[in-house]
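Taking it in order: structure first as structure tokens, then the write-up.
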Amino acid sequence: QVQLVESGGGLVQAGGSLTLHCTATEHLLNFNTMGWYRQAPGKERDLVAYITKIYDASYGDSVQGRFTISRDNTKKEVFLQMNDLKPEDTGVYYCNQAPSWRAGPWGRGTQVTVSS
């Protein structure tokens, strides 16, 4: 099964930026739609952005205009550029297929903490 490894998280002040990386062990062209999910403390994991194989992207209302998802099918990577971060963006971020019912095994995720 495909393995996904997320990285790039960290501690940042409100208004700051981070870029998350996701590396897959299989060629991304095997997967139509990839997404980034966020699990805030004490909450369920939610899809915040996704991108299709042909690079059509969509965003949740809470991140629209601040986050940008991209993918490099040749390098088996998915990215999430996060700008103007807010404390409510805090959580563990995971990449996987989207929607969630298509998701395979979850990686460890990467922690993002935004201080006010």
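Lettering and numbering for the structure tokens are positional, with chains as A, B, ... in the shown order, residues counted from 1 in each chain, and ligands counted from 1 in the shown order.
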
query: If you count only C-alpha atoms, which residues fall within 10 Å of segment 70-87 of chain A, apart from same-chain ones fewer than 5 positions away, as a ChimeraX atom specification?
result: /A:4-8,12-31,34-36,49-57,63,65,93,95-96,112-116

Need to verify the contact set: Arg38 of chain A, 10 Å, only C-alpha atoms, exclusion of same-chain residues closer than 6 positions in sequence. Can you return it as a PDB file with N, CA, C and O atoms, in the first residue's frame?
ATOM      1  N   GLU A  44     -12.527  16.341  14.891  1.00  0.00           N
ATOM      2  CA  GLU A  44     -12.350  15.354  13.842  1.00  0.00           C
ATOM      3  C   GLU A  44     -11.443  15.896  12.745  1.00  0.00           C
ATOM      4  O   GLU A  44     -11.237  17.099  12.615  1.00  0.00           O
ATOM      5  N   ARG A  45     -10.935  14.993  11.952  1.00  0.00           N
ATOM      6  CA  ARG A  45     -10.091  15.369  10.829  1.00  0.00           C
ATOM      7  C   ARG A  45     -10.958  15.877   9.670  1.00  0.00           C
ATOM      8  O   ARG A  45     -11.882  15.192   9.236  1.00  0.00           O
ATOM      9  N   ASP A  46     -10.640  17.069   9.198  1.00  0.00           N
ATOM     10  CA  ASP A  46     -11.422  17.696   8.137  1.00  0.00           C
ATOM     11  C   ASP A  46     -10.557  17.963   6.910  1.00  0.00           C
ATOM     12  O   ASP A  46      -9.382  18.302   7.032  1.00  0.00           O
ATOM     13  N   LEU A  47     -11.176  17.840   5.747  1.00  0.00           N
ATOM     14  CA  LEU A  47     -10.500  18.152   4.497  1.00  0.00           C
ATOM     15  C   LEU A  47     -10.474  19.665   4.313  1.00  0.00           C
ATOM     16  O   LEU A  47     -11.526  20.302   4.327  1.00  0.00           O
ATOM     17  N   VAL A  48      -9.284  20.248   4.126  1.00  0.00           N
ATOM     18  CA  VAL A  48      -9.200  21.695   3.968  1.00  0.00           C
ATOM     19  C   VAL A  48      -8.906  22.117   2.526  1.00  0.00           C
ATOM     20  O   VAL A  48      -9.212  23.241   2.143  1.00  0.00           O
ATOM     21  N   ALA A  49      -8.312  21.223   1.745  1.00  0.00           N
ATOM     22  CA  ALA A  49      -8.010  21.545   0.349  1.00  0.00           C
ATOM     23  C   ALA A  49      -7.778  20.254  -0.416  1.00  0.00           C
ATOM     24  O   ALA A  49      -7.299  19.274   0.153  1.00  0.00           O
ATOM     25  N   ASP A  89      -5.856  27.722  12.728  1.00  0.00           N
ATOM     26  CA  ASP A  89      -5.248  26.785  11.787  1.00  0.00           C
ATOM     27  C   ASP A  89      -4.417  25.723  12.499  1.00  0.00           C
ATOM     28  O   ASP A  89      -3.922  24.786  11.866  1.00  0.00           O
ATOM     29  N   THR A  90      -4.259  25.868  13.793  1.00  0.00           N
ATOM     30  CA  THR A  90      -3.478  24.911  14.571  1.00  0.00           C
ATOM     31  C   THR A  90      -4.072  23.511  14.475  1.00  0.00           C
ATOM     32  O   THR A  90      -5.286  23.336  14.571  1.00  0.00           O
ATOM     33  N   GLY A  91      -3.192  22.528  14.304  1.00  0.00           N
ATOM     34  CA  GLY A  91      -3.629  21.149  14.238  1.00  0.00           C
ATOM     35  C   GLY A  91      -2.581  20.275  13.598  1.00  0.00           C
ATOM     36  O   GLY A  91      -1.507  20.749  13.212  1.00  0.00           O
ATOM     37  N   VAL A  92      -2.902  19.007  13.473  1.00  0.00           N
ATOM     38  CA  VAL A  92      -2.041  18.070  12.752  1.00  0.00           C
ATOM     39  C   VAL A  92      -2.570  17.965  11.328  1.00  0.00           C
ATOM     40  O   VAL A  92      -3.757  17.733  11.113  1.00  0.00           O
ATOM     41  N   TYR A  93      -1.675  18.147  10.374  1.00  0.00           N
ATOM     42  CA  TYR A  93      -2.046  18.136   8.964  1.00  0.00           C
ATOM     43  C   TYR A  93      -1.599  16.828   8.321  1.00  0.00           C
ATOM     44  O   TYR A  93      -0.452  16.373   8.508  1.00  0.00           O
ATOM     45  N   TYR A  94      -2.504  16.242   7.562  1.00  0.00           N
ATOM     46  CA  TYR A  94      -2.264  14.984   6.880  1.00  0.00           C
ATOM     47  C   TYR A  94      -2.566  15.141   5.388  1.00  0.00           C
ATOM     48  O   TYR A  94      -3.465  15.901   5.018  1.00  0.00           O
ATOM     49  N   CYS A  95      -1.856  14.409   4.565  1.00  0.00           N
ATOM     50  CA  CYS A  95      -2.256  14.326   3.164  1.00  0.00           C
ATOM     51  C   CYS A  95      -2.761  12.919   2.897  1.00  0.00           C
ATOM     52  O   CYS A  95      -2.362  11.953   3.552  1.00  0.00           O
ATOM     53  N   GLY A 109       1.368  12.571   9.942  1.00  0.00           N
ATOM     54  CA  GLY A 109       0.979  13.968   9.903  1.00  0.00           C
ATOM     55  C   GLY A 109       2.122  14.878  10.332  1.00  0.00           C
ATOM     56  O   GLY A 109       3.201  14.433  10.745  1.00  0.00           O
ATOM     57  N   THR A 110       1.869  16.168  10.233  1.00  0.00           N
ATOM     58  CA  THR A 110       2.842  17.164  10.657  1.00  0.00           C
ATOM     59  C   THR A 110       2.116  18.235  11.471  1.00  0.00           C
ATOM     60  O   THR A 110       1.048  18.703  11.073  1.00  0.00           O
ATOM     61  N   GLN A 111       2.683  18.568  12.613  1.00  0.00           N
ATOM     62  CA  GLN A 111       2.021  19.487  13.544  1.00  0.00           C
ATOM     63  C   GLN A 111       2.255  20.933  13.117  1.00  0.00           C
ATOM     64  O   GLN A 111       3.394  21.346  12.875  1.00  0.00           O
ATOM     65  N   VAL A 112       1.173  21.683  13.070  1.00  0.00           N
ATOM     66  CA  VAL A 112       1.234  23.126  12.834  1.00  0.00           C
ATOM     67  C   VAL A 112       0.645  23.813  14.053  1.00  0.00           C
ATOM     68  O   VAL A 112      -0.474  23.512  14.460  1.00  0.00           O
TER      69      VAL A 112
END

field: DSSP helix (DSSP H, G or I) residues within segment 30-107 of chain A, listed as a PyMOL selection string
entry: chain A and resi 30+87-89+100-102

query: What is the distance between atom CA of Asn32 of chain A and atom CA of Arg108 of chain A, in Å to one decimal?
result: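 One can read the atom CA of Asn32 of chain A to atom CA of Arg108 of chain A distance as 21.9 Å.
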
task: as a count of residues only, list the residues of segment 4-71 of chain A assigned to strand (DSSP E or B) by DSSP on the backbone atoms of this structure.
output: 36

- prompt: What separation in Å, quoted to one decimal, exists between atom CA of Ala40 of chain A and atom CA of Tyr59 of chain A?
  reply: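 Pair atom CA of Ala40 of chain A / atom CA of Tyr59 of chain A returns 17.0 Å.
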
- line: The distance between atom CA of Pro105 of chain A and atom CA of Gly9 of chain A is 20.0 Å
